[in-house]
Amino acid sequence: MCDNGENEDLLTGMVVATCDLERRWLWALCLAVLLVQVDTSVVNLAVRAIEVALRAPVATVRWVVAAYNLAYAALLLSGGTLADLLGRRRIALLGLGIFTAGCAVAGLAPTMGVLITGRVISGVRAALILPATLALVRVLWHEPARRAHAIGVWAGMNGAAFVIGPPLGGFLVTVTGWRGIFLVTVPLGLVAAWAARSLPESRAQAGRHLDLAGQAWAICALGAFTYAAAGSPHAAVAILAGITASLGFFIVERRAGAAAMVPLALLRQGALTDAVGVAAAMTFGMYGLLFLVPLVWQRFGILTVGEAGFALLPMSVIFVALSHKTGRWSARFGAKALIGSGMALIAMGLAVVSLSRVGAPLALAEGGLALTGLGMALATGPNLALATGAVTPERSGTASALANTARMVGATFGVAVAATMYGASGAGPLGFAWALRMGALVVAAGAVLALCA
């Protein structure tokens, strides 16, 4: 038998081993998420180059971003269900496998249609990876404080992608052309898949199945509303189709009961629905900003593509520097206060950038971007923790999918509305200002929701 000292040494060794194991898990999960988000952020820097190379107007080029977001948002719910049913590790690995195909198609695309197809494939991959990795964080970290820290680090990968993505995108577009931003990421998918092999498997199969009818109605509803938001001349018909598809979705889900893709009883969880609304409002403003600012900097000769990539760093560096601290701040000040304050800062940042003339003077635009990054750091992690913590571990895949679906729905509409308002006003300073002010209003509404919930 061991004496007390030996027991203490054994316990210390077990704690150290557990911490080392958790670090390896977190590294693998964050690498997969980083890959998805870098792929998203580099594209914003290439919009102008794609516009010129493929001779496409802004109204068409925006679909390079919007098609990815649309596929991502529409399939996230099924991605979460598949993660619960087939195994979160297995689905994450499948998503990383699809990554190579999407990037290759986009990088070799001869036309805008093929490029958009490649982005749709990439969106499918993201829809599998994100809910699976967030659900694994929810399941593998049992102690609330350690889980909050892990989620904060996971969320911080969004910021890390913003740090890496813009300068990398600007460099690649300058050196290799716009195709390089897709092709250079192909081998990285293999590295991420190798790292993810070490993750333990986790699933929750009881009473679950893939809700194909609900998924079909969800795709129709989101596609119709996105088409309307993109300024289509048939917007009224698209809105009517979207409303009809939404009704069909809720009817199907109600009949499916607990086996539904989105059980309606789950939506009666107040904390979850509040987190979903806040996530959508946040990304509506943020993604509209990230689409327009690099584009106008390049269109109006304010910055080159490489300079634009580095000019986005104040926002992303602040996000990364502070995201990992939000778990501790949530415990001290309360999640709602932190989320509401963060949303208010994002709205202020968008309003400040809107006061510039197509992103100039740079000092004004950079100040607004810094405020936006600070707000994102405060709100993102606590809001995701609120969403996943509102349900039992068995529904963690569904809850994480709902939270990320809300993020990508907001992003899809944010890009579509920003591009439409910008183009409708002659693609000049007035359209730029009004597009960002619309984003600020939506984010401010999210702040009110967070504080008053």
# chains A, B, ... in the order shown; residues from 1 in each chain; ligands from 1

call {"tool": "residues_around", "arguments": {"residues": "A:Thr372", "least_positions_apart": "4", "cutoff": "7 Å", "atoms": "only C-alpha atoms", "output": "PyMOL selection string"}}
result
chain A and resi 315+345-346+349-350+368+376

call {"tool": "write_last_selection", "arguments": {"atoms": "N, CA, C and O atoms", "output": "CSV table (one decimal), in the first residue's frame"}}
result
chain,number,residue,atom,x,y,z
A,315,MET,N,-8.9,44.6,-35.1
A,315,MET,CA,-10.1,43.9,-34.6
A,315,MET,C,-9.8,42.4,-34.2
A,315,MET,O,-10.2,42.0,-33.1
A,345,LEU,N,-20.9,47.2,-27.8
A,345,LEU,CA,-19.6,47.7,-28.4
A,345,LEU,C,-19.5,47.3,-29.9
A,345,LEU,O,-18.9,48.2,-30.7
A,346,ILE,N,-20.0,46.2,-30.3
A,346,ILE,CA,-20.0,45.9,-31.7
A,346,ILE,C,-20.8,46.9,-32.5
A,346,ILE,O,-20.4,47.4,-33.6
A,349,GLY,N,-18.9,50.0,-32.8
A,349,GLY,CA,-17.9,49.9,-33.8
A,349,GLY,C,-18.4,50.0,-35.3
A,349,GLY,O,-17.8,50.7,-36.1
A,350,LEU,N,-19.5,49.4,-35.6
A,350,LEU,CA,-20.1,49.5,-36.9
A,350,LEU,C,-20.5,50.9,-37.2
A,350,LEU,O,-20.3,51.5,-38.3
A,368,GLY,N,-13.2,52.0,-35.2
A,368,GLY,CA,-14.4,51.2,-35.2
A,368,GLY,C,-14.1,49.7,-35.2
A,368,GLY,O,-14.8,48.9,-34.6
A,376,MET,N,-16.8,41.5,-29.8
A,376,MET,CA,-16.8,40.1,-30.2
A,376,MET,C,-16.2,39.3,-29.1
A,376,MET,O,-16.7,38.2,-28.8

call {"tool": "select_by_dssp", "arguments": {"residues": "stretch 232-274 of chain A", "states": "alpha helix (DSSP H)", "output": "list in words"}}
result
Ala235, Ala236, Val237, Ala238, Ile239, Leu240, Ala241, Gly242, Ile243, Thr244, Ala245, Ser246, Leu247, Gly248, Phe249, Phe250, Ile251, Val252, Glu253, Arg254, Arg255, Ala256, Gly270, Ala271, Leu272, Thr273 and Asp274 of chain A

call {"tool": "residues_around", "arguments": {"residues": "A:Ile318", "least_positions_apart": "2", "cutoff": "10 Å", "atoms": "only C-alpha atoms", "output": "list in words"}}
result
Gly159, Ala160, Val163, Leu313, Pro314, Met315, Ser316, Val320, Ala321, Leu322, Ser323, Leu369, Ala370, Leu371, Thr372, Gly373, Leu374, Gly375, Met376 and Ala377 of chain A

call {"tool": "write_last_selection", "arguments": {"atoms": "N, CA and C atoms", "output": "PDB file, in the first residue's frame"}}
result
ATOM      1  N   GLY A 159     -11.215  34.276 -33.560  1.00  0.00           N
ATOM      2  CA  GLY A 159     -10.329  35.433 -33.583  1.00  0.00           C
ATOM      3  C   GLY A 159      -8.975  35.112 -34.172  1.00  0.00           C
ATOM      4  N   ALA A 160      -8.455  33.918 -33.838  1.00  0.00           N
ATOM      5  CA  ALA A 160      -7.173  33.527 -34.418  1.00  0.00           C
ATOM      6  C   ALA A 160      -7.255  33.457 -35.932  1.00  0.00           C
ATOM      7  N   VAL A 163      -6.933  36.815 -37.257  1.00  0.00           N
ATOM      8  CA  VAL A 163      -5.546  37.283 -37.230  1.00  0.00           C
ATOM      9  C   VAL A 163      -4.769  36.695 -38.398  1.00  0.00           C
ATOM     10  N   LEU A 313      -6.218  43.756 -38.749  1.00  0.00           N
ATOM     11  CA  LEU A 313      -5.645  43.121 -37.563  1.00  0.00           C
ATOM     12  C   LEU A 313      -6.094  43.713 -36.229  1.00  0.00           C
ATOM     13  N   PRO A 314      -6.309  45.041 -36.080  1.00  0.00           N
ATOM     14  CA  PRO A 314      -6.737  45.533 -34.761  1.00  0.00           C
ATOM     15  C   PRO A 314      -7.960  44.813 -34.215  1.00  0.00           C
ATOM     16  N   MET A 315      -8.937  44.569 -35.069  1.00  0.00           N
ATOM     17  CA  MET A 315     -10.141  43.868 -34.637  1.00  0.00           C
ATOM     18  C   MET A 315      -9.817  42.447 -34.205  1.00  0.00           C
ATOM     19  N   SER A 316      -9.059  41.722 -35.021  1.00  0.00           N
ATOM     20  CA  SER A 316      -8.819  40.306 -34.746  1.00  0.00           C
ATOM     21  C   SER A 316      -7.861  40.091 -33.584  1.00  0.00           C
ATOM     22  N   VAL A 320      -8.654  37.836 -30.194  1.00  0.00           N
ATOM     23  CA  VAL A 320      -7.845  36.711 -29.738  1.00  0.00           C
ATOM     24  C   VAL A 320      -7.279  36.959 -28.341  1.00  0.00           C
ATOM     25  N   ALA A 321      -6.818  38.170 -28.100  1.00  0.00           N
ATOM     26  CA  ALA A 321      -6.160  38.478 -26.827  1.00  0.00           C
ATOM     27  C   ALA A 321      -7.097  38.342 -25.637  1.00  0.00           C
ATOM     28  N   LEU A 322      -8.389  38.573 -25.852  1.00  0.00           N
ATOM     29  CA  LEU A 322      -9.327  38.617 -24.729  1.00  0.00           C
ATOM     30  C   LEU A 322     -10.292  37.446 -24.660  1.00  0.00           C
ATOM     31  N   SER A 323     -10.479  36.704 -25.745  1.00  0.00           N
ATOM     32  CA  SER A 323     -11.509  35.657 -25.770  1.00  0.00           C
ATOM     33  C   SER A 323     -11.303  34.604 -24.689  1.00  0.00           C
ATOM     34  N   LEU A 369     -13.127  49.293 -35.988  1.00  0.00           N
ATOM     35  CA  LEU A 369     -12.782  47.868 -36.031  1.00  0.00           C
ATOM     36  C   LEU A 369     -12.303  47.369 -34.670  1.00  0.00           C
ATOM     37  N   ALA A 370     -11.550  48.206 -33.959  1.00  0.00           N
ATOM     38  CA  ALA A 370     -11.072  47.810 -32.629  1.00  0.00           C
ATOM     39  C   ALA A 370     -12.246  47.636 -31.670  1.00  0.00           C
ATOM     40  N   LEU A 371     -13.218  48.537 -31.706  1.00  0.00           N
ATOM     41  CA  LEU A 371     -14.406  48.398 -30.863  1.00  0.00           C
ATOM     42  C   LEU A 371     -15.164  47.115 -31.198  1.00  0.00           C
ATOM     43  N   THR A 372     -15.258  46.814 -32.484  1.00  0.00           N
ATOM     44  CA  THR A 372     -15.946  45.593 -32.912  1.00  0.00           C
ATOM     45  C   THR A 372     -15.239  44.355 -32.385  1.00  0.00           C
ATOM     46  N   GLY A 373     -13.914  44.330 -32.477  1.00  0.00           N
ATOM     47  CA  GLY A 373     -13.157  43.187 -31.962  1.00  0.00           C
ATOM     48  C   GLY A 373     -13.316  43.012 -30.465  1.00  0.00           C
ATOM     49  N   LEU A 374     -13.332  44.111 -29.723  1.00  0.00           N
ATOM     50  CA  LEU A 374     -13.524  44.037 -28.278  1.00  0.00           C
ATOM     51  C   LEU A 374     -14.908  43.474 -27.951  1.00  0.00           C
ATOM     52  N   GLY A 375     -15.917  43.947 -28.659  1.00  0.00           N
ATOM     53  CA  GLY A 375     -17.268  43.449 -28.423  1.00  0.00           C
ATOM     54  C   GLY A 375     -17.402  41.975 -28.753  1.00  0.00           C
ATOM     55  N   MET A 376     -16.795  41.547 -29.833  1.00  0.00           N
ATOM     56  CA  MET A 376     -16.840  40.129 -30.208  1.00  0.00           C
ATOM     57  C   MET A 376     -16.172  39.262 -29.146  1.00  0.00           C
ATOM     58  N   ALA A 377     -15.055  39.734 -28.607  1.00  0.00           N
ATOM     59  CA  ALA A 377     -14.349  38.968 -27.577  1.00  0.00           C
ATOM     60  C   ALA A 377     -15.219  38.788 -26.339  1.00  0.00           C
TER      61      ALA A 377
END

call {"tool": "closest_residue", "arguments": {"among": "A:Ala196, A:Val65, A:Leu168, A:Thr133", "to": "A:Arg24", "atoms": "only C-alpha atoms"}}
result
A:Ala196

call {"tool": "residues_around", "arguments": {"residues": "A:Ala385", "least_positions_apart": "5", "cutoff": "9 Å", "atoms": "only C-alpha atoms", "output": "list in words"}}
result
Arg138, Arg147, Ala148, Ile151, Gly152, Gly327, Ala335, Thr380 and Ala390 of chain A

call {"tool": "residues_around", "arguments": {"residues": "stretch 30-41 of chain A", "least_positions_apart": "6", "cutoff": "6 Å", "atoms": "only C-alpha atoms", "output": "PyMOL selection string"}}
result
chain A and resi 154+157+161+165+192

call {"tool": "write_last_selection", "arguments": {"atoms": "all heavy atoms", "output": "CSV table (one decimal), in the first residue's frame"}}
result
chain,number,residue,atom,x,y,z
A,154,TRP,N,-12.0,27.6,-27.6
A,154,TRP,CA,-12.6,27.2,-28.9
A,154,TRP,C,-13.1,28.4,-29.6
A,154,TRP,O,-12.9,28.6,-30.8
A,154,TRP,CB,-13.7,26.2,-28.6
A,154,TRP,CG,-14.4,25.7,-29.8
A,154,TRP,CD1,-14.1,24.5,-30.4
A,154,TRP,CD2,-15.5,26.2,-30.5
A,154,TRP,NE1,-15.0,24.2,-31.5
A,154,TRP,CE2,-15.8,25.3,-31.5
A,154,TRP,CE3,-16.2,27.4,-30.4
A,154,TRP,CZ2,-16.9,25.5,-32.4
A,154,TRP,CZ3,-17.3,27.6,-31.3
A,154,TRP,CH2,-17.6,26.7,-32.3
A,157,MET,N,-10.6,30.7,-31.4
A,157,MET,CA,-10.1,30.3,-32.7
A,157,MET,C,-10.7,31.1,-33.9
A,157,MET,O,-10.1,31.3,-34.9
A,157,MET,CB,-10.4,28.8,-33.0
A,157,MET,CG,-9.6,27.9,-32.2
A,157,MET,SD,-7.8,28.1,-32.3
A,157,MET,CE,-7.4,29.1,-30.9
A,161,ALA,N,-8.4,33.0,-36.4
A,161,ALA,CA,-8.6,32.9,-37.9
A,161,ALA,C,-8.6,34.3,-38.5
A,161,ALA,O,-8.1,34.6,-39.6
A,161,ALA,CB,-9.9,32.2,-38.2
A,165,GLY,N,-6.1,34.9,-41.1
A,165,GLY,CA,-6.7,34.9,-42.4
A,165,GLY,C,-6.5,36.2,-43.3
A,165,GLY,O,-6.0,36.1,-44.4
A,192,ALA,N,-5.1,18.5,-40.0
A,192,ALA,CA,-6.2,18.6,-39.1
A,192,ALA,C,-6.8,17.2,-38.9
A,192,ALA,O,-7.2,16.9,-37.7
A,192,ALA,CB,-7.2,19.6,-39.5
